[in-house]
Structures are given as C-alpha cells and as structure tokens.
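For reference, protein19.cif is printed below; it contains mmCIF, C-alpha atoms and all ligand atoms.
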data_entry
loop_
_atom_site.label_atom_id
_atom_site.label_comp_id
_atom_site.auth_asym_id
_atom_site.auth_seq_id
_atom_site.Cartn_x
_atom_site.Cartn_y
_atom_site.Cartn_z
CA MET S 1 183.69 38.19 116.99
CA ASN S 2 185.92 39.27 114.16
CA PRO S 3 187.73 42.42 115.27
CA GLU S 4 189.06 43.22 111.75
CA ASP S 5 185.54 43.77 110.52
CA SER S 6 184.72 46.63 112.81
CA ILE S 7 186.54 49.43 114.53
CA ILE S 8 186.45 49.80 118.30
CA PHE S 9 187.42 52.99 120.10
CA LYS S 10 187.95 53.04 123.87
CA ASN S 11 187.23 56.03 126.12
CA TYR S 12 186.00 58.04 123.19
CA ASP S 13 185.60 61.73 123.94
CA SER S 14 182.03 62.57 122.90
CA SER S 15 182.74 66.33 122.93
CA LYS S 16 184.83 65.76 119.79
CA ILE S 17 181.79 64.74 117.76
CA SER S 18 178.88 66.34 119.60
CA TRP S 19 177.23 69.38 118.02
CA LEU S 20 177.40 70.99 121.43
CA LYS S 21 181.15 70.28 121.64
CA SER S 22 180.44 69.06 125.14
CA GLY S 23 180.02 65.69 126.82
CA GLY S 24 181.80 62.94 128.74
CA LEU S 25 183.70 59.84 127.64
CA ILE S 26 182.06 56.83 125.98
CA SER S 27 183.77 53.73 127.35
CA LYS S 28 183.48 51.82 124.03
CA LEU S 29 182.41 52.93 120.60
CA ILE S 30 182.10 50.49 117.71
CA LYS S 31 181.61 51.24 114.03
CA PHE S 32 179.66 48.86 111.81
CA LYS S 33 180.03 49.21 108.06
CA ASN S 34 177.53 46.54 107.01
CA LEU S 35 175.18 43.85 108.23
CA ASP S 36 177.92 41.19 108.30
CA ASP S 37 179.97 43.39 110.64
CA LEU S 38 176.98 43.64 112.91
CA GLN S 39 176.19 39.92 112.84
CA ASN S 40 179.87 39.02 113.44
CA ASN S 41 179.83 41.14 116.58
CA LYS S 42 176.38 40.18 117.82
CA ASP S 43 177.78 38.78 121.09
CA LEU S 44 179.08 42.23 121.97
CA LEU S 45 175.57 43.54 121.52
CA SER S 46 174.21 41.54 124.41
CA GLU S 47 175.68 44.21 126.69
CA GLU S 48 172.99 45.98 128.71
CA ASN S 49 174.12 49.49 128.05
CA ILE S 50 173.89 50.14 124.35
CA ILE S 51 173.30 53.37 122.53
CA PRO S 52 173.21 53.83 118.77
CA ILE S 53 174.52 57.25 117.78
CA GLY S 54 173.92 59.30 114.66
CA ASN S 55 175.38 62.74 113.98
CA PHE S 56 175.24 63.72 117.67
CA SER S 57 173.11 66.76 116.89
CA ASN S 58 170.55 66.00 119.60
CA LEU S 59 172.54 64.05 122.14
CA LEU S 60 174.60 64.91 125.22
CA ILE S 61 176.60 62.54 127.42
CA LYS S 62 176.82 63.61 131.06
CA ASP S 63 180.27 64.52 132.45
CA LYS S 64 180.57 61.19 134.30
CA GLY S 65 180.54 59.50 130.89
CA PHE S 66 178.69 56.58 129.37
CA ASP S 67 179.77 53.17 130.58
CA GLY S 68 178.60 50.97 127.74
CA LEU S 69 178.77 50.45 124.03
CA ALA S 70 177.95 53.18 121.53
CA ILE S 71 177.19 52.01 118.02
CA LYS S 72 178.01 54.14 115.02
CA LEU S 73 176.84 52.98 111.59
CA ALA S 74 178.85 53.77 108.46
CA GLY S 75 179.74 52.19 105.07
CA ASN S 76 176.68 50.48 103.57
CA PHE S 77 174.52 52.18 106.15
CA ALA S 78 175.49 55.53 104.64
CA LYS S 79 174.09 54.65 101.20
CA ILE S 80 170.85 55.34 99.33
CA LYS S 81 169.26 52.89 96.88
CA ILE S 82 166.23 53.32 94.62
CA GLU S 83 164.07 50.24 94.06
CA ASN S 84 161.09 51.02 91.86
CA ASP S 85 158.99 53.50 93.82
CA VAL S 86 160.89 53.08 97.07
CA LEU S 87 163.97 54.79 98.45
CA ILE S 88 166.03 52.60 100.78
CA VAL S 89 168.06 54.95 102.92
CA GLY S 90 170.77 53.90 105.39
CA SER S 91 170.56 55.20 108.94
CA ALA S 92 173.95 56.87 108.66
CA VAL S 93 172.93 59.00 105.66
CA LEU S 94 173.05 62.70 106.53
CA ASP S 95 169.82 64.66 106.07
CA SER S 96 171.37 67.34 103.86
CA TYR S 97 172.97 64.65 101.66
CA PHE S 98 169.66 62.82 101.29
CA SER S 99 167.84 66.03 100.48
CA LYS S 100 170.41 66.95 97.80
CA TYR S 101 170.25 63.41 96.40
CA CYS S 102 166.47 63.72 96.06
CA TYR S 103 166.84 67.08 94.34
CA GLN S 104 169.32 65.55 91.87
CA HIS S 105 166.85 62.74 91.14
CA SER S 106 163.83 65.12 90.97
CA ILE S 107 162.25 63.48 94.01
CA GLN S 108 160.04 65.83 96.00
CA GLY S 109 159.08 65.96 99.67
CA TYR S 110 162.50 65.85 101.29
CA GLU S 111 163.37 69.54 100.95
CA PHE S 112 162.81 70.12 104.69
CA LEU S 113 165.63 67.71 105.57
CA TYR S 114 168.10 70.02 103.85
CA THR S 115 168.18 72.16 107.00
CA ILE S 116 168.34 69.48 109.71
CA PRO S 117 171.86 68.40 110.75
CA GLY S 118 171.03 64.81 111.75
CA THR S 119 171.08 61.38 110.14
CA ILE S 120 168.15 59.30 108.89
CA GLY S 121 168.53 56.96 111.92
CA GLY S 122 168.36 59.93 114.31
CA ASN S 123 165.39 61.34 112.37
CA ILE S 124 163.46 58.08 112.63
CA PHE S 125 164.23 57.86 116.35
CA MET S 126 163.11 61.46 116.96
CA ASN S 127 160.45 61.74 114.23
CA ALA S 128 162.38 64.85 113.20
CA GLY S 129 160.62 67.57 111.31
CA CYS S 130 160.29 71.23 110.44
CA TYR S 131 158.24 73.55 108.25
CA GLY S 132 155.10 71.48 108.85
CA LYS S 133 156.67 68.19 107.78
CA GLU S 134 157.84 65.18 109.75
CA ILE S 135 159.86 62.14 108.77
CA LYS S 136 156.83 59.90 109.40
CA ASP S 137 154.97 61.59 106.51
CA TYR S 138 157.34 59.97 104.00
CA LEU S 139 158.35 56.77 105.78
CA ILE S 140 156.99 53.43 104.55
CA SER S 141 158.79 51.07 106.92
CA ILE S 142 161.84 50.66 109.14
CA LEU S 143 164.45 47.91 108.98
CA TYR S 144 166.01 47.49 112.40
CA TYR S 145 168.26 45.15 114.32
CA ASP S 146 166.61 43.56 117.30
CA ILE S 147 169.35 43.02 119.88
CA LYS S 148 167.40 40.47 121.94
CA SER S 149 166.50 38.12 119.06
CA LYS S 150 169.74 39.02 117.19
CA SER S 151 167.86 39.42 113.95
CA VAL S 152 166.84 42.06 111.43
CA LYS S 153 163.15 42.95 111.43
CA GLU S 154 160.93 45.23 109.40
CA GLU S 155 157.99 47.21 110.66
CA SER S 156 155.53 49.28 108.69
CA ILE S 157 154.84 52.90 109.67
CA GLU S 158 151.13 52.04 109.80
CA ASP S 159 151.82 49.77 112.79
CA LEU S 160 153.84 52.41 114.63
CA ASP S 161 152.70 55.27 116.77
CA PHE S 162 154.85 58.24 115.76
CA SER S 163 154.01 61.65 117.19
CA TYR S 164 155.62 65.08 117.64
CA ARG S 165 159.35 64.37 118.23
CA LYS S 166 158.65 60.76 119.16
CA GLY S 167 159.62 58.22 116.57
CA PHE S 168 160.93 54.67 116.77
CA GLN S 169 162.24 54.66 120.35
CA ARG S 170 162.05 50.98 121.08
CA LYS S 171 164.59 49.63 123.57
CA ASN S 172 167.31 47.22 122.37
CA THR S 173 167.00 48.12 118.71
CA ILE S 174 169.28 49.73 116.14
CA ILE S 175 167.58 51.42 113.21
CA LEU S 176 169.42 50.26 110.07
CA PHE S 177 167.45 51.56 107.08
CA GLY S 178 164.31 53.51 106.33
CA LYS S 179 162.16 52.77 103.31
CA PHE S 180 160.73 56.00 101.95
CA LYS S 181 158.17 57.11 99.37
CA LYS S 182 159.54 58.17 96.01
CA GLN S 183 157.46 60.80 94.33
CA LEU S 184 158.80 62.69 91.33
CA GLY S 185 158.47 66.46 91.17
CA ASP S 186 159.68 69.54 89.39
CA GLN S 187 163.43 70.00 90.02
CA THR S 188 163.26 73.81 89.93
CA LYS S 189 160.48 73.85 92.52
CA ILE S 190 162.39 71.37 94.72
CA LYS S 191 165.48 73.58 94.61
CA SER S 192 163.62 76.78 95.35
CA LEU S 193 161.89 75.19 98.36
CA MET S 194 165.27 74.07 99.71
CA GLU S 195 166.51 77.63 99.32
CA VAL S 196 163.45 79.09 101.06
CA TYR S 197 163.92 76.76 104.04
CA ASP S 198 167.64 77.47 104.17
CA LYS S 199 167.10 81.22 104.14
CA ASN S 200 164.44 80.93 106.80
CA ARG S 201 166.90 79.06 109.07
CA HIS S 202 169.55 81.71 108.56
CA ASP S 203 167.09 84.51 109.26
CA THR S 204 165.50 83.05 112.39
CA GLN S 205 168.00 80.73 114.07
CA PRO S 206 171.62 80.99 115.20
CA GLN S 207 174.16 79.62 112.71
CA LYS S 208 177.68 78.21 113.09
CA VAL S 209 177.42 77.98 116.89
CA ASN S 210 177.57 75.05 119.29
CA CYS S 211 173.94 74.18 119.87
CA CYS S 212 171.44 71.32 119.79
CA GLY S 213 168.62 72.90 117.80
CA SER S 214 165.44 73.59 119.76
CA ILE S 215 165.96 72.99 123.45
CA PHE S 216 162.31 72.22 124.22
CA LYS S 217 159.29 70.83 122.39
CA ASN S 218 156.48 73.32 121.87
CA PRO S 219 153.77 72.52 124.44
CA PRO S 220 150.26 72.21 122.95
CA ASN S 221 148.98 75.69 121.93
CA HIS S 222 152.21 77.42 123.01
CA ASN S 223 155.54 78.42 121.54
CA ALA S 224 158.40 77.35 123.79
CA TRP S 225 160.45 80.43 122.79
CA LYS S 226 157.72 82.84 123.90
CA LEU S 227 157.35 81.08 127.26
CA ILE S 228 161.12 81.22 127.76
CA LYS S 229 161.51 84.83 126.69
CA SER S 230 158.78 85.99 129.02
CA SER S 231 160.19 84.05 132.00
CA LEU S 232 163.89 84.96 131.96
CA ASP S 233 165.91 88.12 132.44
CA SER S 234 168.77 89.33 130.22
CA SER S 235 171.45 87.49 132.27
CA PHE S 236 170.37 84.24 130.54
CA TYR S 237 171.47 85.73 127.22
CA GLU S 238 175.08 86.24 128.38
CA GLY S 239 177.91 83.97 129.57
CA PRO S 240 179.52 80.67 128.53
CA ILE S 241 176.08 79.02 128.06
CA ARG S 242 173.60 81.58 126.82
CA LEU S 243 170.23 81.74 125.15
CA SER S 244 170.36 82.87 121.55
CA LYS S 245 169.29 86.47 121.01
CA LYS S 246 167.92 85.33 117.65
CA HIS S 247 165.72 82.55 119.05
CA SER S 248 165.01 82.01 122.74
CA ASN S 249 164.44 78.24 122.34
CA PHE S 250 168.08 77.84 121.30
CA PHE S 251 171.16 78.16 123.44
CA GLU S 252 174.74 78.55 122.34
CA ASN S 253 177.70 77.45 124.42
CA ASP S 254 181.45 77.87 124.47
CA PRO S 255 183.23 74.74 123.26
CA TYR S 256 184.24 72.00 125.70
CA ILE S 257 182.01 73.30 128.44
CA SER S 258 180.89 70.87 131.16
CA ALA S 259 177.85 68.83 130.08
CA ASP S 260 176.51 68.98 133.62
CA LYS S 261 176.55 72.79 133.43
CA VAL S 262 174.54 72.58 130.20
CA ILE S 263 172.04 70.27 131.91
CA SER S 264 171.73 72.57 134.90
CA PHE S 265 171.17 75.55 132.56
CA ILE S 266 168.31 73.63 130.91
CA GLU S 267 166.82 72.69 134.30
CA THR S 268 166.93 76.32 135.45
CA ILE S 269 165.02 77.43 132.34
CA LYS S 270 162.43 74.71 132.94
CA SER S 271 161.85 75.75 136.52
CA LYS S 272 161.67 79.49 135.68
CA VAL S 273 159.06 78.80 132.97
CA GLU S 274 157.08 76.59 135.32
CA GLN S 275 157.12 79.25 138.05
CA LYS S 276 155.93 81.93 135.65
CA HIS S 277 153.45 80.02 133.47
CA GLN S 278 152.70 76.74 135.33
CA ILE S 279 153.75 74.88 132.18
CA LYS S 280 156.30 72.06 132.28
CA LEU S 281 158.61 72.17 129.27
CA ASP S 282 159.77 68.88 127.84
CA GLN S 283 163.26 68.99 126.37
CA GLU S 284 164.12 67.68 122.90
CA LEU S 285 167.77 67.04 123.70
CA ILE S 286 168.49 63.41 124.65
CA ILE S 287 170.69 63.29 127.76
CA VAL S 288 172.53 60.05 128.57
C1 LIG S 301 171.28 73.50 114.46
C2 LIG S 301 170.29 72.39 114.71
C3 LIG S 301 169.04 72.46 114.13
C4 LIG S 301 168.09 71.44 114.33
N1 LIG S 301 166.87 71.54 113.77
C5 LIG S 301 165.97 70.54 113.94
C6 LIG S 301 164.67 70.62 113.33
O1 LIG S 301 164.34 71.55 112.64
N2 LIG S 301 163.82 69.60 113.54
C7 LIG S 301 164.14 68.53 114.30
O2 LIG S 301 163.32 67.62 114.44
N3 LIG S 301 165.35 68.43 114.88
C8 LIG S 301 166.28 69.40 114.73
N4 LIG S 301 167.49 69.32 115.33
C9 LIG S 301 167.80 68.18 116.20
C10 LIG S 301 168.45 66.97 115.50
O3 LIG S 301 169.17 67.36 114.35
C11 LIG S 301 167.42 65.90 115.14
O4 LIG S 301 166.77 65.43 116.30
C12 LIG S 301 168.04 64.70 114.42
O5 LIG S 301 167.01 63.82 114.05
C13 LIG S 301 169.04 63.94 115.30
O6 LIG S 301 169.76 63.08 114.44
P1 LIG S 301 171.24 62.61 114.81
O7 LIG S 301 171.69 61.67 113.76
O8 LIG S 301 172.12 63.75 115.08
O9 LIG S 301 170.96 61.80 116.14
P2 LIG S 301 171.82 61.82 117.49
O10 LIG S 301 171.82 63.18 118.06
O11 LIG S 301 173.13 61.18 117.28
O12 LIG S 301 170.90 60.88 118.41
C14 LIG S 301 169.60 61.29 118.79
C15 LIG S 301 168.85 60.06 119.34
O13 LIG S 301 168.62 59.16 118.24
C16 LIG S 301 169.12 57.86 118.56
N5 LIG S 301 169.65 57.26 117.33
C17 LIG S 301 170.47 57.83 116.43
N6 LIG S 301 170.72 56.96 115.42
C18 LIG S 301 170.06 55.81 115.72
C19 LIG S 301 169.94 54.53 115.10
N7 LIG S 301 170.56 54.23 113.96
N8 LIG S 301 169.18 53.58 115.73
C20 LIG S 301 168.54 53.86 116.89
N9 LIG S 301 168.62 55.04 117.52
C21 LIG S 301 169.37 56.00 116.95
C22 LIG S 301 170.23 58.11 119.58
O14 LIG S 301 170.42 56.98 120.40
C23 LIG S 301 169.65 59.29 120.37
O15 LIG S 301 168.79 58.82 121.37
C24 LIG S 301 168.44 70.33 115.14
C25 LIG S 301 169.72 70.26 115.71
C26 LIG S 301 170.64 71.27 115.50
C27 LIG S 301 172.01 71.17 116.12
#
Before we go any further, please render this structure as structure tokens.
Ligand SMILES: Cc1cc2nc3c(=O)[nH]c(=O)nc-3n(C[C@H](O)[C@H](O)[C@H](O)COP(=O)(O)OP(=O)(O)OC[C@H]3O[C@@H](n4cnc5c(N)ncnc54)[C@H](O)[C@@H]3O)c2cc1C
Amino acid sequence: MNPEDSIIFKNYDSSKISWLKSGGLISKLIKFKNLDDLQNNKDLLSEENIIPIGNFSNLLIKDKGFDGLAIKLAGNFAKIKIENDVLIVGSAVLDSYFSKYCYQHSIQGYEFLYTIPGTIGGNIFMNAGCYGKEIKDYLISILYYDIKSKSVKEESIEDLDFSYRKGFQRKNTIILFGKFKKQLGDQTKIKSLMEVYDKNRHDTQPQKVNCCGSIFKNPPNHNAWKLIKSSLDSSFYEGPIRLSKKHSNFFENDPYISADKVISFIETIKSKVEQKHQIKLDQELIIV
C-alpha cells in the first residue's frame, strides 16, 4: 500500500455528505483518484465490508454506523473522454455535468440526466432514469474492478439484466467507467428538452430540501404516490420528517435527524399502504 496515493478518512460523518443530511459514521473512507491508486491499495480491498459511494443521493447509513471501508472515486474517475462514437464516462462524473457536457458537444439522449443528482456510478448501480428513459438505454458496457480477482473487467450491457431501478448490483465490484453511445443531435433541441425536464421537476417535486428522491418504486400498474396519499392522514405531512405536500412519494427532513427515525418513518408508510391496499412497496433508498 502506498498511503500518499490515496486519502483515508476515519470515522467519517456520512450526514455531512448525504443528501438527506442524516446518517451514521463510516469507520474508514478512502478516495481513489486513478487506477494506480486503486491497484496500489488492492490489499485494503480484501476487507469484507466494502461499499462504493457516489453522490450519496440515494444512500443512508444507519445510526450505528458502517464498520467497513467506503470507496469514493475522484480524479480520473470524474472525467469524460470521447473515442470515436463512444463516450467513456468516469463513475464519479455528476449527472448534471455529463448532461451539460453532452449539450456542449451536441450529443443527444442525456438530457434526462440533467435533473438527477447522482453520479454515473450510482446511475449504473441503480439503473437510474426519469421521463421514460433509463441509463441502460444508452450504456454500451461497464468497466469495473473485481475485488476478488483484483482486476479490471468489462461487461457488455447485452449480457446484463438491467430492469426498473436495478442496474449493476454485483457484489464485490466497483463500477469505474461506463461506455456510452454518442449520437449527435440539434443543440437547440437538446437545450430545450433539458429546460422542459428541469421545469417539470420544479413544478412537481420539492426543491432545495433534504430528501432522497422517490422513496418507493412504482409497483406494476400503480403510482406509489397515489397509494401513499390514499393511505395516510395529514399528520404524515407535518413534523421533522414529513411527506412532501408537492409529491407524496417524497419526504423532506430536518437536517441531522436520526437515520433510524427516517427508516422507521419509511417502514410506517410501507405498513400503512399494505394495510390499506394489500400492496408491498419496495423502497428505492439504499439503507446500509
Ligand atoms: C432530489 C432527488 C431526485 C432524484 N431523482 C431521481 C430520478 O428521477 N430517477 C432516479 O433513478 N433516481 C433519482 N434519485 C435518486 C438518485 O439520485 C439516483 O439513484 C442516483 O443514481 C444515485 O447516484 P449516487 O451517485 O448519488 O449514488 P449513491 O447514493 O452514493 O449510492 C447509491 C448506490 O449506488 C452504489 N454505488 C455508487 N457508486 C458506485 C460505484 N462506483 N460502484 C459500485 N456501486 C456504486 C452505492 O454503493 C449505493 O448502493 C433522486 C435523488 C434525489 C435526492
């Protein structure tokens, strides 16, 4: 191991970086700026408890904390490269940055990412999407680090089974880069689509609040927000953790609130919806 090549933080307070501004301590967090960093520290990566983290927009660490190693990619992993008809995008690239980059290069298809607050790594893990589009629609292949064999591997999207909010969730792997389709389009149209999506977000979802996006996946043939709204009384829309009055599948919380209270709020919603509609909601938020 070469400690100069990477940065290690101990007892890192996840509420400082989580979109929910909530969550327990991470016993060790390491930042890798490039592949050499990662290879130089590969012995550290044999630890059992490993979690790669992106922009923490869909992740919550329980109050008791995470006793393991969290991996944050940066540096070269936050870059975009164009090679012929392929975009090679680092896992740490932010969605809005990637979307703006595509607009600047007249590349169409990535307008929907303008409104998602995650990273490309988190998107590939979750198969993130909105406005009828998902990351899998544009993905060609994934370059990932396989912790067991300590090597970088590539897998084509055709060999993977992505579905609604379920992307590349293979154990003991770190998504490093995504290779994406490059299709040129009209810059004015790209910009106006980004603006339409952005306006739609502002009109229909809470903004500038501590939240995790949609709490639950939409069950087949149902809207989660309708099920929630029809199952809960007005008390769920008040208090330190409250449902959004703009969109019932979102909650907002006061900063630095207990993660366990957030989890119990989610569980209560689930059980109320199940009592009323006999439908089990499946949450989107990843709880560790
Ligand atoms: C206001 C708001 C709006 C949102 N709107 C949407 C939406 O419209 N559509 C949608 O799909 N989602 C939405 N989300 C949820 C979230 O932004 C996405 O799920 C996003 O893909 C998560 O990316 P992230 O980088 O924040 O991942 P994190 O929250 O940091 O992590 C999420 C999961 O991905 C894993 N992960 C992250 N990076 C890697 C990596 N490099 N290798 C392996 N695993 C990794 C983590 O271990 C974790 O399990 C929204 C969230 C918020 C707060």
Go ahead and compute the interatomic distance for atom CA of Phe77 of chain S and atom CA of Ser91 of chain S, in Å to one decimal. 5.7 Å
Show me, as lines of an AutoDock Vina configuration file, the centre and edge lengths in Å to one decimal of the axis-aligned box that covers every listed atom of ligand LIG 301 (chain S) with 6 Å on each side.
center_x = 168.2
center_y = 63.5
center_z = 117.0
size_x = 21.8
size_y = 31.9
size_z = 20.7
Would you mind telling me which residue in S:Ile30, S:Ile71, S:Ile7, S:Val288 lies nearest to Asn58 of chain S when using all atoms listed in the file?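 Among S:Ile30, S:Ile71, S:Ile7, S:Val288, it is S:Val288 that comes nearest to Asn58 of chain S.
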Between S:Ile61, S:Ile190, S:Leu73, S:Leu38, single out the one closest to Gln104 of chain S, counting only C-alpha atoms.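 Of S:Ile61, S:Ile190, S:Leu73, S:Leu38, the one nearest Gln104 of chain S is S:Ile190, counting only C-alpha atoms.
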When the cut-off is 6 Å and you count only C-alpha atoms and all ligand atoms, which residues lie near ligand LIG 301 (chain S), shown as a ChimeraX atom specification? /S:19,51-59,91,116-119,121-123,125-126,128-130,174-176,211-213,286
Leaving out Phe168 of chain S and any residue of its chain fewer than 4 positions from it, which residues lie within 12 Å of it when counting all atoms listed in the file, given as number ranges by chain? S: 120-128, 135-136, 139, 141-144, 154-157, 159-164, 172-176, 178
Of S:Asp186, S:Ile88, S:Gly239, S:Ile147, the one sitting nearest Asp43 of chain S when using all atoms listed in the file is S:Ile147
For Leu20 of chain S, which of S:Asn40, S:Ser230, S:Ser258, S:Asn253 is the closest residue, counting all atoms listed in the file? S:Asn253
Between atom CA of Leu69 of chain S and atom CA of Val262 of chain S, what is the distance in Å, rounded to a tenth? 23.4 Å
What's around Lys81 of chain S at 10 Å? Count all atoms listed in the file, leave out sequence neighbours fewer than 5 positions away in its own chain, and write the answer as a VMD selection string. chain S and resid 86 to 90 179
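If all atoms listed in the file are the atoms counted, then among S:Val152, S:Leu232, S:Ile140, S:Gln207 the closest residue to Glu252 of chain S is S:Gln207.
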Near His222 of chain S, within 12 Å and counting all atoms listed in the file, which residues show up once chain neighbours fewer than 4 positions away are dropped, as a PyMOL selection string? chain S and resi 216-218+226-228+277+279-281
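With all atoms listed in the file taken into account, the protein and nucleic acid residues at most 9 Å from Ser106 of chain S (excluding it and anything under 4 positions from it in its own chain) are Tyr101, Cys102, Gln183, Leu184, Gly185, Asp186, Gln187, Thr188 and Ile190 of chain S.
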